[in-house]
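Source file: input.cif. Holds: mmCIF, N, CA and C atoms.
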data_start
loop_
_atom_site.label_atom_id
_atom_site.label_comp_id
_atom_site.auth_asym_id
_atom_site.auth_seq_id
_atom_site.Cartn_x
_atom_site.Cartn_y
_atom_site.Cartn_z
N LEU X 1277 -0.25 -15.83 -7.03
CA LEU X 1277 0.65 -15.07 -7.89
C LEU X 1277 1.99 -15.77 -7.91
N VAL X 1278 2.44 -16.15 -9.07
CA VAL X 1278 3.75 -16.77 -9.21
C VAL X 1278 4.56 -15.94 -10.17
N LEU X 1279 5.73 -15.55 -9.75
CA LEU X 1279 6.62 -14.76 -10.60
C LEU X 1279 7.43 -15.72 -11.45
N LEU X 1280 7.33 -15.56 -12.75
CA LEU X 1280 7.97 -16.52 -13.63
C LEU X 1280 9.21 -15.99 -14.33
N ASP X 1281 9.21 -14.73 -14.67
CA ASP X 1281 10.32 -14.26 -15.50
C ASP X 1281 11.46 -13.67 -14.67
N ASP X 1282 12.64 -13.69 -15.25
CA ASP X 1282 13.85 -13.20 -14.58
C ASP X 1282 13.76 -11.73 -14.22
N GLU X 1283 13.12 -10.94 -15.09
CA GLU X 1283 13.01 -9.51 -14.83
C GLU X 1283 12.21 -9.24 -13.56
N ALA X 1284 11.12 -9.96 -13.39
CA ALA X 1284 10.31 -9.80 -12.18
C ALA X 1284 11.11 -10.18 -10.95
N VAL X 1285 11.86 -11.25 -11.03
CA VAL X 1285 12.68 -11.68 -9.90
C VAL X 1285 13.72 -10.62 -9.58
N ARG X 1286 14.36 -10.06 -10.61
CA ARG X 1286 15.38 -9.03 -10.39
C ARG X 1286 14.79 -7.80 -9.72
N VAL X 1287 13.67 -7.32 -10.24
CA VAL X 1287 13.05 -6.12 -9.69
C VAL X 1287 12.60 -6.36 -8.26
N MET X 1288 12.00 -7.50 -8.01
CA MET X 1288 11.53 -7.80 -6.66
C MET X 1288 12.70 -7.96 -5.70
N ALA X 1289 13.81 -8.46 -6.18
CA ALA X 1289 14.99 -8.60 -5.32
C ALA X 1289 15.53 -7.24 -4.91
N GLU X 1290 15.34 -6.24 -5.75
CA GLU X 1290 15.79 -4.88 -5.44
C GLU X 1290 14.82 -4.14 -4.52
N PHE X 1291 13.65 -4.69 -4.32
CA PHE X 1291 12.61 -4.05 -3.52
C PHE X 1291 12.45 -4.83 -2.23
N ASP X 1292 12.57 -4.17 -1.11
CA ASP X 1292 12.45 -4.80 0.19
C ASP X 1292 10.97 -4.87 0.59
N ILE X 1293 10.36 -6.01 0.35
CA ILE X 1293 8.93 -6.16 0.62
C ILE X 1293 8.63 -6.02 2.10
N ASP X 1294 9.48 -6.58 2.95
CA ASP X 1294 9.25 -6.44 4.39
C ASP X 1294 9.24 -4.98 4.81
N GLU X 1295 10.17 -4.20 4.27
CA GLU X 1295 10.21 -2.77 4.61
C GLU X 1295 8.99 -2.05 4.06
N ALA X 1296 8.55 -2.45 2.87
CA ALA X 1296 7.34 -1.84 2.30
C ALA X 1296 6.13 -2.13 3.18
N ILE X 1297 6.04 -3.34 3.67
CA ILE X 1297 4.94 -3.70 4.57
C ILE X 1297 5.03 -2.90 5.86
N ASN X 1298 6.22 -2.84 6.44
CA ASN X 1298 6.40 -2.08 7.68
C ASN X 1298 6.06 -0.61 7.48
N SER X 1299 6.53 -0.05 6.38
CA SER X 1299 6.26 1.36 6.08
C SER X 1299 4.76 1.59 5.91
N HIS X 1300 4.11 0.70 5.19
CA HIS X 1300 2.68 0.84 4.96
C HIS X 1300 1.90 0.70 6.27
N GLU X 1301 2.31 -0.24 7.10
CA GLU X 1301 1.59 -0.46 8.36
C GLU X 1301 1.75 0.70 9.34
N ARG X 1302 2.75 1.53 9.16
CA ARG X 1302 2.91 2.70 10.04
C ARG X 1302 1.84 3.76 9.80
N TRP X 1303 1.18 3.68 8.66
CA TRP X 1303 0.14 4.66 8.36
C TRP X 1303 -1.04 4.57 9.33
N LEU X 1304 -1.47 3.37 9.68
CA LEU X 1304 -2.68 3.24 10.49
C LEU X 1304 -2.56 3.89 11.87
N PRO X 1305 -1.49 3.65 12.63
CA PRO X 1305 -1.39 4.35 13.92
C PRO X 1305 -1.31 5.87 13.74
N TRP X 1306 -0.66 6.30 12.69
CA TRP X 1306 -0.53 7.73 12.39
C TRP X 1306 -1.91 8.32 12.13
N LEU X 1307 -2.70 7.61 11.30
CA LEU X 1307 -4.06 8.06 11.00
C LEU X 1307 -4.96 7.99 12.24
N ALA X 1308 -4.75 6.97 13.06
CA ALA X 1308 -5.55 6.83 14.28
C ALA X 1308 -5.34 8.03 15.20
N GLN X 1309 -4.14 8.57 15.22
CA GLN X 1309 -3.88 9.77 16.03
C GLN X 1309 -4.71 10.95 15.53
N VAL X 1310 -4.81 11.08 14.22
CA VAL X 1310 -5.62 12.16 13.63
C VAL X 1310 -7.09 11.92 13.98
N LEU X 1311 -7.51 10.68 13.94
CA LEU X 1311 -8.88 10.34 14.29
C LEU X 1311 -9.19 10.74 15.74
N GLN X 1312 -8.16 10.69 16.58
CA GLN X 1312 -8.33 11.06 17.99
C GLN X 1312 -8.17 12.56 18.23
N GLY X 1313 -7.94 13.31 17.16
CA GLY X 1313 -7.89 14.77 17.30
C GLY X 1313 -6.52 15.39 17.12
N ALA X 1314 -5.49 14.59 16.95
CA ALA X 1314 -4.15 15.14 16.73
C ALA X 1314 -4.08 15.77 15.34
N ARG X 1315 -3.26 16.76 15.20
CA ARG X 1315 -3.03 17.39 13.90
C ARG X 1315 -1.58 17.19 13.51
N ASP X 1316 -1.38 16.87 12.25
CA ASP X 1316 -0.04 16.64 11.74
C ASP X 1316 0.03 17.29 10.36
N GLU X 1317 0.87 18.29 10.24
CA GLU X 1317 0.99 19.03 8.97
C GLU X 1317 1.41 18.14 7.81
N ARG X 1318 2.07 17.03 8.10
CA ARG X 1318 2.50 16.14 7.02
C ARG X 1318 1.32 15.37 6.42
N LEU X 1319 0.21 15.32 7.16
CA LEU X 1319 -0.96 14.58 6.69
C LEU X 1319 -2.01 15.54 6.13
N ARG X 1320 -1.66 16.14 5.00
CA ARG X 1320 -2.60 17.01 4.31
C ARG X 1320 -3.40 16.16 3.32
N PRO X 1321 -4.72 16.29 3.33
CA PRO X 1321 -5.56 15.43 2.49
C PRO X 1321 -5.16 15.44 1.01
N GLU X 1322 -4.81 16.60 0.50
CA GLU X 1322 -4.47 16.69 -0.93
C GLU X 1322 -3.19 15.92 -1.26
N VAL X 1323 -2.31 15.74 -0.29
CA VAL X 1323 -1.08 14.96 -0.51
C VAL X 1323 -1.35 13.49 -0.24
N VAL X 1324 -2.01 13.18 0.86
CA VAL X 1324 -2.28 11.79 1.25
C VAL X 1324 -3.13 11.09 0.21
N ARG X 1325 -4.04 11.81 -0.43
CA ARG X 1325 -4.92 11.22 -1.44
C ARG X 1325 -4.13 10.57 -2.57
N GLU X 1326 -2.99 11.13 -2.88
CA GLU X 1326 -2.18 10.61 -3.98
C GLU X 1326 -1.39 9.39 -3.51
N ALA X 1327 -1.70 8.23 -4.08
CA ALA X 1327 -1.04 6.98 -3.68
C ALA X 1327 0.47 7.07 -3.88
N GLU X 1328 0.89 7.89 -4.83
CA GLU X 1328 2.33 8.03 -5.10
C GLU X 1328 3.04 8.86 -4.04
N SER X 1329 2.29 9.34 -3.04
CA SER X 1329 2.92 10.10 -1.96
C SER X 1329 3.69 9.18 -1.01
N SER X 1330 3.50 7.89 -1.16
CA SER X 1330 4.23 6.94 -0.32
C SER X 1330 5.29 6.23 -1.16
N GLU X 1331 6.27 5.67 -0.48
CA GLU X 1331 7.32 4.93 -1.18
C GLU X 1331 6.74 3.74 -1.94
N LEU X 1332 5.82 3.04 -1.29
CA LEU X 1332 5.19 1.89 -1.95
C LEU X 1332 4.46 2.34 -3.20
N GLY X 1333 3.73 3.43 -3.11
CA GLY X 1333 3.00 3.94 -4.27
C GLY X 1333 3.92 4.33 -5.41
N GLN X 1334 5.05 4.93 -5.08
CA GLN X 1334 6.02 5.29 -6.11
C GLN X 1334 6.55 4.05 -6.80
N TRP X 1335 6.87 3.03 -6.00
CA TRP X 1335 7.40 1.79 -6.56
C TRP X 1335 6.34 1.10 -7.42
N LEU X 1336 5.10 1.06 -6.94
CA LEU X 1336 4.03 0.40 -7.68
C LEU X 1336 3.78 1.07 -9.03
N GLN X 1337 3.99 2.37 -9.11
CA GLN X 1337 3.76 3.08 -10.36
C GLN X 1337 4.96 3.02 -11.31
N ASP X 1338 6.11 2.64 -10.80
CA ASP X 1338 7.33 2.66 -11.62
C ASP X 1338 7.83 1.25 -11.89
N SER X 1339 8.91 0.86 -11.24
CA SER X 1339 9.53 -0.43 -11.54
C SER X 1339 8.65 -1.61 -11.14
N GLY X 1340 7.87 -1.47 -10.10
CA GLY X 1340 6.97 -2.55 -9.72
C GLY X 1340 5.93 -2.82 -10.80
N ARG X 1341 5.42 -1.76 -11.39
CA ARG X 1341 4.43 -1.91 -12.46
C ARG X 1341 5.06 -2.56 -13.69
N MET X 1342 6.29 -2.17 -14.01
CA MET X 1342 6.97 -2.76 -15.17
C MET X 1342 7.20 -4.26 -14.97
N ALA X 1343 7.61 -4.64 -13.77
CA ALA X 1343 7.92 -6.04 -13.52
C ALA X 1343 6.69 -6.90 -13.28
N LEU X 1344 5.68 -6.32 -12.66
CA LEU X 1344 4.55 -7.13 -12.20
C LEU X 1344 3.23 -6.78 -12.86
N GLY X 1345 3.22 -5.78 -13.72
CA GLY X 1345 1.98 -5.28 -14.28
C GLY X 1345 1.16 -6.30 -15.04
N HIS X 1346 1.77 -7.35 -15.52
CA HIS X 1346 1.03 -8.35 -16.29
C HIS X 1346 0.35 -9.39 -15.39
N PHE X 1347 0.57 -9.35 -14.08
CA PHE X 1347 -0.09 -10.26 -13.16
C PHE X 1347 -1.39 -9.65 -12.66
N PRO X 1348 -2.48 -10.41 -12.65
CA PRO X 1348 -3.76 -9.87 -12.17
C PRO X 1348 -3.67 -9.32 -10.74
N ALA X 1349 -2.92 -9.94 -9.88
CA ALA X 1349 -2.82 -9.46 -8.50
C ALA X 1349 -2.13 -8.10 -8.42
N SER X 1350 -1.32 -7.79 -9.40
CA SER X 1350 -0.65 -6.49 -9.42
C SER X 1350 -1.66 -5.36 -9.56
N ASP X 1351 -2.62 -5.54 -10.45
CA ASP X 1351 -3.66 -4.54 -10.63
C ASP X 1351 -4.48 -4.39 -9.36
N MET X 1352 -4.78 -5.50 -8.72
CA MET X 1352 -5.54 -5.45 -7.46
C MET X 1352 -4.74 -4.71 -6.40
N LEU X 1353 -3.45 -4.97 -6.31
CA LEU X 1353 -2.60 -4.28 -5.34
C LEU X 1353 -2.60 -2.77 -5.59
N LEU X 1354 -2.48 -2.38 -6.83
CA LEU X 1354 -2.51 -0.96 -7.18
C LEU X 1354 -3.84 -0.32 -6.78
N ARG X 1355 -4.94 -0.99 -7.08
CA ARG X 1355 -6.26 -0.44 -6.76
C ARG X 1355 -6.49 -0.37 -5.25
N ARG X 1356 -6.09 -1.39 -4.53
CA ARG X 1356 -6.27 -1.39 -3.07
C ARG X 1356 -5.41 -0.32 -2.41
N HIS X 1357 -4.21 -0.15 -2.91
CA HIS X 1357 -3.31 0.86 -2.37
C HIS X 1357 -3.88 2.26 -2.65
N ARG X 1358 -4.37 2.47 -3.85
CA ARG X 1358 -4.98 3.75 -4.20
C ARG X 1358 -6.21 4.02 -3.32
N TYR X 1359 -7.03 2.99 -3.12
CA TYR X 1359 -8.22 3.12 -2.28
C TYR X 1359 -7.84 3.48 -0.85
N PHE X 1360 -6.79 2.84 -0.34
CA PHE X 1360 -6.30 3.15 1.00
C PHE X 1360 -6.02 4.65 1.13
N HIS X 1361 -5.30 5.20 0.16
CA HIS X 1361 -4.94 6.61 0.22
C HIS X 1361 -6.18 7.52 0.07
N GLN X 1362 -7.13 7.12 -0.76
CA GLN X 1362 -8.36 7.91 -0.89
C GLN X 1362 -9.13 7.93 0.43
N GLN X 1363 -9.23 6.78 1.06
CA GLN X 1363 -9.94 6.70 2.34
C GLN X 1363 -9.20 7.47 3.43
N ALA X 1364 -7.87 7.42 3.41
CA ALA X 1364 -7.08 8.17 4.39
C ALA X 1364 -7.32 9.67 4.24
N ALA X 1365 -7.35 10.15 3.00
CA ALA X 1365 -7.60 11.58 2.77
C ALA X 1365 -9.01 11.95 3.23
N LEU X 1366 -9.98 11.11 2.93
CA LEU X 1366 -11.36 11.36 3.40
C LEU X 1366 -11.42 11.39 4.92
N MET X 1367 -10.73 10.46 5.55
CA MET X 1367 -10.74 10.40 7.00
C MET X 1367 -10.18 11.69 7.59
N ILE X 1368 -9.10 12.18 7.04
CA ILE X 1368 -8.50 13.42 7.53
C ILE X 1368 -9.46 14.59 7.34
N LEU X 1369 -10.07 14.67 6.17
CA LEU X 1369 -11.04 15.75 5.91
C LEU X 1369 -12.19 15.71 6.91
N HIS X 1370 -12.75 14.52 7.12
CA HIS X 1370 -13.86 14.39 8.07
C HIS X 1370 -13.42 14.69 9.50
N ALA X 1371 -12.24 14.23 9.87
CA ALA X 1371 -11.75 14.48 11.23
C ALA X 1371 -11.54 15.98 11.44
N GLU X 1372 -10.97 16.65 10.46
CA GLU X 1372 -10.73 18.08 10.58
C GLU X 1372 -12.03 18.88 10.60
N ALA X 1373 -13.08 18.33 9.98
CA ALA X 1373 -14.38 19.00 9.97
C ALA X 1373 -15.22 18.66 11.20
N GLY X 1374 -14.68 17.82 12.07
CA GLY X 1374 -15.40 17.43 13.27
C GLY X 1374 -16.49 16.40 13.02
N GLU X 1375 -16.42 15.71 11.90
CA GLU X 1375 -17.41 14.69 11.54
C GLU X 1375 -16.89 13.33 11.97
N ALA X 1376 -17.01 13.05 13.26
CA ALA X 1376 -16.39 11.87 13.87
C ALA X 1376 -16.89 10.56 13.27
N GLN X 1377 -18.19 10.44 13.06
CA GLN X 1377 -18.72 9.17 12.54
C GLN X 1377 -18.23 8.90 11.11
N ARG X 1378 -18.24 9.93 10.29
CA ARG X 1378 -17.76 9.77 8.91
C ARG X 1378 -16.26 9.51 8.89
N ALA X 1379 -15.52 10.15 9.78
CA ALA X 1379 -14.08 9.91 9.88
C ALA X 1379 -13.81 8.46 10.28
N GLU X 1380 -14.58 7.96 11.23
CA GLU X 1380 -14.43 6.56 11.68
C GLU X 1380 -14.74 5.59 10.55
N GLN X 1381 -15.76 5.87 9.76
CA GLN X 1381 -16.10 5.01 8.62
C GLN X 1381 -14.96 4.98 7.61
N ALA X 1382 -14.40 6.13 7.33
CA ALA X 1382 -13.28 6.19 6.39
C ALA X 1382 -12.06 5.47 6.96
N PHE X 1383 -11.84 5.59 8.25
CA PHE X 1383 -10.72 4.90 8.89
C PHE X 1383 -10.92 3.38 8.78
N ASN X 1384 -12.15 2.91 8.95
CA ASN X 1384 -12.43 1.49 8.78
C ASN X 1384 -12.10 1.04 7.36
N GLY X 1385 -12.41 1.89 6.38
CA GLY X 1385 -12.03 1.60 4.99
C GLY X 1385 -10.53 1.53 4.83
N CYS X 1386 -9.81 2.41 5.51
CA CYS X 1386 -8.34 2.38 5.49
C CYS X 1386 -7.82 1.06 6.04
N GLN X 1387 -8.37 0.65 7.17
CA GLN X 1387 -7.91 -0.59 7.80
C GLN X 1387 -8.13 -1.78 6.88
N HIS X 1388 -9.30 -1.85 6.29
CA HIS X 1388 -9.63 -2.97 5.40
C HIS X 1388 -8.69 -2.99 4.19
N ALA X 1389 -8.54 -1.85 3.55
CA ALA X 1389 -7.67 -1.77 2.38
C ALA X 1389 -6.23 -2.06 2.76
N SER X 1390 -5.80 -1.60 3.93
CA SER X 1390 -4.43 -1.85 4.38
C SER X 1390 -4.17 -3.34 4.54
N ARG X 1391 -5.12 -4.04 5.14
CA ARG X 1391 -4.95 -5.50 5.29
C ARG X 1391 -4.83 -6.17 3.93
N GLN X 1392 -5.60 -5.72 2.97
CA GLN X 1392 -5.52 -6.30 1.63
C GLN X 1392 -4.18 -5.99 0.96
N VAL X 1393 -3.70 -4.78 1.13
CA VAL X 1393 -2.39 -4.41 0.57
C VAL X 1393 -1.31 -5.31 1.15
N VAL X 1394 -1.33 -5.50 2.45
CA VAL X 1394 -0.31 -6.34 3.10
C VAL X 1394 -0.43 -7.78 2.62
N LEU X 1395 -1.64 -8.30 2.51
CA LEU X 1395 -1.81 -9.67 2.02
C LEU X 1395 -1.27 -9.83 0.61
N LEU X 1396 -1.54 -8.86 -0.24
CA LEU X 1396 -1.04 -8.93 -1.62
C LEU X 1396 0.48 -8.81 -1.67
N LEU X 1397 1.06 -7.98 -0.83
CA LEU X 1397 2.52 -7.88 -0.78
C LEU X 1397 3.12 -9.20 -0.30
N ARG X 1398 2.50 -9.82 0.69
CA ARG X 1398 2.98 -11.13 1.17
C ARG X 1398 2.89 -12.18 0.06
N GLU X 1399 1.82 -12.09 -0.73
CA GLU X 1399 1.68 -13.02 -1.85
C GLU X 1399 2.80 -12.80 -2.88
N LEU X 1400 3.14 -11.55 -3.13
CA LEU X 1400 4.27 -11.26 -4.02
C LEU X 1400 5.55 -11.85 -3.44
N GLN X 1401 5.72 -11.73 -2.15
CA GLN X 1401 6.90 -12.25 -1.48
C GLN X 1401 6.98 -13.78 -1.63
N ARG X 1402 5.85 -14.45 -1.47
CA ARG X 1402 5.83 -15.91 -1.65
C ARG X 1402 6.14 -16.28 -3.09
N GLY X 1403 5.59 -15.51 -4.03
CA GLY X 1403 5.87 -15.78 -5.43
C GLY X 1403 7.34 -15.60 -5.77
N LEU X 1404 7.95 -14.59 -5.19
CA LEU X 1404 9.37 -14.36 -5.41
C LEU X 1404 10.19 -15.51 -4.85
N ALA X 1405 9.85 -15.97 -3.66
CA ALA X 1405 10.57 -17.09 -3.06
C ALA X 1405 10.42 -18.34 -3.91
N ALA X 1406 9.22 -18.58 -4.42
CA ALA X 1406 8.99 -19.76 -5.27
C ALA X 1406 9.80 -19.66 -6.55
N SER X 1407 9.86 -18.47 -7.14
CA SER X 1407 10.64 -18.28 -8.36
C SER X 1407 12.13 -18.51 -8.11
N ARG X 1408 12.62 -18.02 -6.98
CA ARG X 1408 14.03 -18.23 -6.65
C ARG X 1408 14.33 -19.71 -6.46
N ARG X 1409 13.43 -20.42 -5.81
CA ARG X 1409 13.64 -21.88 -5.61
C ARG X 1409 13.68 -22.60 -6.95
N ARG X 1410 12.79 -22.23 -7.87
CA ARG X 1410 12.78 -22.87 -9.18
C ARG X 1410 14.08 -22.57 -9.95
N GLN X 1411 14.57 -21.36 -9.83
CA GLN X 1411 15.79 -20.98 -10.56
C GLN X 1411 17.02 -21.67 -10.00
N SER X 1412 17.01 -21.98 -8.71
CA SER X 1412 18.19 -22.58 -8.09
C SER X 1412 18.28 -24.08 -8.33
N ARG X 1413 17.25 -24.65 -8.93
CA ARG X 1413 17.27 -26.11 -9.19
C ARG X 1413 18.08 -26.43 -10.39
#
Could you take the file, read its structure, and then write that structure out as structure tokens?
Amino acid sequence: LVLLDDEAVRVMAEFDIDEAINSHERWLPWLAQVLQGARDERLRPEVVREAESSELGQWLQDSGRMALGHFPASDMLLRRHRYFHQQAALMILHAEAGEAQRAEQAFNGCQHASRQVVLLLRELQRGLAASRRRQSR
């Protein structure tokens, strides 16, 4: 993914990718606690299912989509992020129902999707850096 236009560079400059990655990565330990039997009122399946319930999801649906929506990797990032949230909601539902094996399977889906989200965000970060280098020449 290479960011070519000035608008994409501007929008990405306003978005802290490292913070988005850190924020996203905090989900897995939080979900792992639920998998181990902890209950957290903030992790309601009906809320977690919605990808826009996170800061990254809000950004991806708004200014991130406007700036990056024409890149194929952007669509993949949106789909992987949405899948992460769907799997997280399923995991919570299964954990609350005492279905440990199904909860573990959903958690594995969360982990896989999370790694893909982080990889795609890092790729956006590299593209932004490459665009900035080209502009400074």
* Distance atom C of Pro1321 in chain X-CA of Val1393 in chain X, one decimal place? -> 20.0 Å
* Do you know which residues are at most 8 Å from Leu1319 in chain X counting only N, CA and C atoms, after dropping those on the same chain fewer than 6 positions away, and could you put them as a list in words? ->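 In the requested format, the answer is Arg1325, Ala1365 and Ile1368 of chain X.
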* Asked: Near Met1367 in chain X, within 6 Å and counting only N, CA and C atoms, which residues show up once chain neighbours fewer than 4 positions away are dropped, as JSON, numbers by chain?
  -> {"X": [1362, 1363, 1371, 1372, 1378, 1379, 1382, 1383]}
Just the selected residues (N, CA and C atoms), exported as a PDB file, in the coordinates of the input, please.
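For reference, out.pdb as written:
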ATOM      1  N   GLN X1362      -7.130   7.120  -0.760  1.00  0.00           N
ATOM      2  CA  GLN X1362      -8.360   7.910  -0.890  1.00  0.00           C
ATOM      3  C   GLN X1362      -9.130   7.930   0.430  1.00  0.00           C
ATOM      4  N   GLN X1363      -9.230   6.780   1.060  1.00  0.00           N
ATOM      5  CA  GLN X1363      -9.940   6.700   2.340  1.00  0.00           C
ATOM      6  C   GLN X1363      -9.200   7.470   3.430  1.00  0.00           C
ATOM      7  N   ALA X1371     -12.240  14.230   9.870  1.00  0.00           N
ATOM      8  CA  ALA X1371     -11.750  14.480  11.230  1.00  0.00           C
ATOM      9  C   ALA X1371     -11.540  15.980  11.440  1.00  0.00           C
ATOM     10  N   GLU X1372     -10.970  16.650  10.460  1.00  0.00           N
ATOM     11  CA  GLU X1372     -10.730  18.080  10.580  1.00  0.00           C
ATOM     12  C   GLU X1372     -12.030  18.880  10.600  1.00  0.00           C
ATOM     13  N   ARG X1378     -18.240   9.930  10.290  1.00  0.00           N
ATOM     14  CA  ARG X1378     -17.760   9.770   8.910  1.00  0.00           C
ATOM     15  C   ARG X1378     -16.260   9.510   8.890  1.00  0.00           C
ATOM     16  N   ALA X1379     -15.520  10.150   9.780  1.00  0.00           N
ATOM     17  CA  ALA X1379     -14.080   9.910   9.880  1.00  0.00           C
ATOM     18  C   ALA X1379     -13.810   8.460  10.280  1.00  0.00           C
ATOM     19  N   ALA X1382     -14.400   6.130   7.330  1.00  0.00           N
ATOM     20  CA  ALA X1382     -13.280   6.190   6.390  1.00  0.00           C
ATOM     21  C   ALA X1382     -12.060   5.470   6.960  1.00  0.00           C
ATOM     22  N   PHE X1383     -11.840   5.590   8.250  1.00  0.00           N
ATOM     23  CA  PHE X1383     -10.720   4.900   8.890  1.00  0.00           C
ATOM     24  C   PHE X1383     -10.920   3.380   8.780  1.00  0.00           C
TER      25      PHE X1383
END
* DSSP-assigned alpha helix (DSSP H) among chain X, expressed as a VMD selection string -> chain X and resid 1282 to 1290 1293 to 1301 1303 to 1311 1321 to 1324 1331 to 1337 1339 to 1344 1348 to 1372 1376 to 1411
* One decimal, Å: what's the distance from atom N of Ala1343 in chain X over to CA of Leu1304 in chain X, could you say? =>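 Result for atom N of Ala1343 in chain X versus CA of Leu1304 in chain X: 27.5 Å, one decimal.
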Once 3 Å is added on each side, what centre and edge lengths in Å to one decimal does the axis-aligned box around all listed atoms of range 1369-1376 of chain X have, as AutoDock Vina command-line options?
--center_x -13.7 --center_y 14.8 --center_z 9.9 --size_x 13.3 --size_y 14.4 --size_z 14.0
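Between CA of His1361 in chain X and CA of Glu1326 in chain X the separation is 6.4 Å.
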* To do: For Ser1350 in chain X, list every protein, DNA or RNA residue within 8 Å, evaluated using only N, CA and C atoms, and leave out those in the same chain fewer than 5 positions away; present the list as a list in words.
  => Leu1277, Gly1340, Arg1341, Leu1344, Gly1345, Arg1355, Arg1356 and Leu1396 of chain X
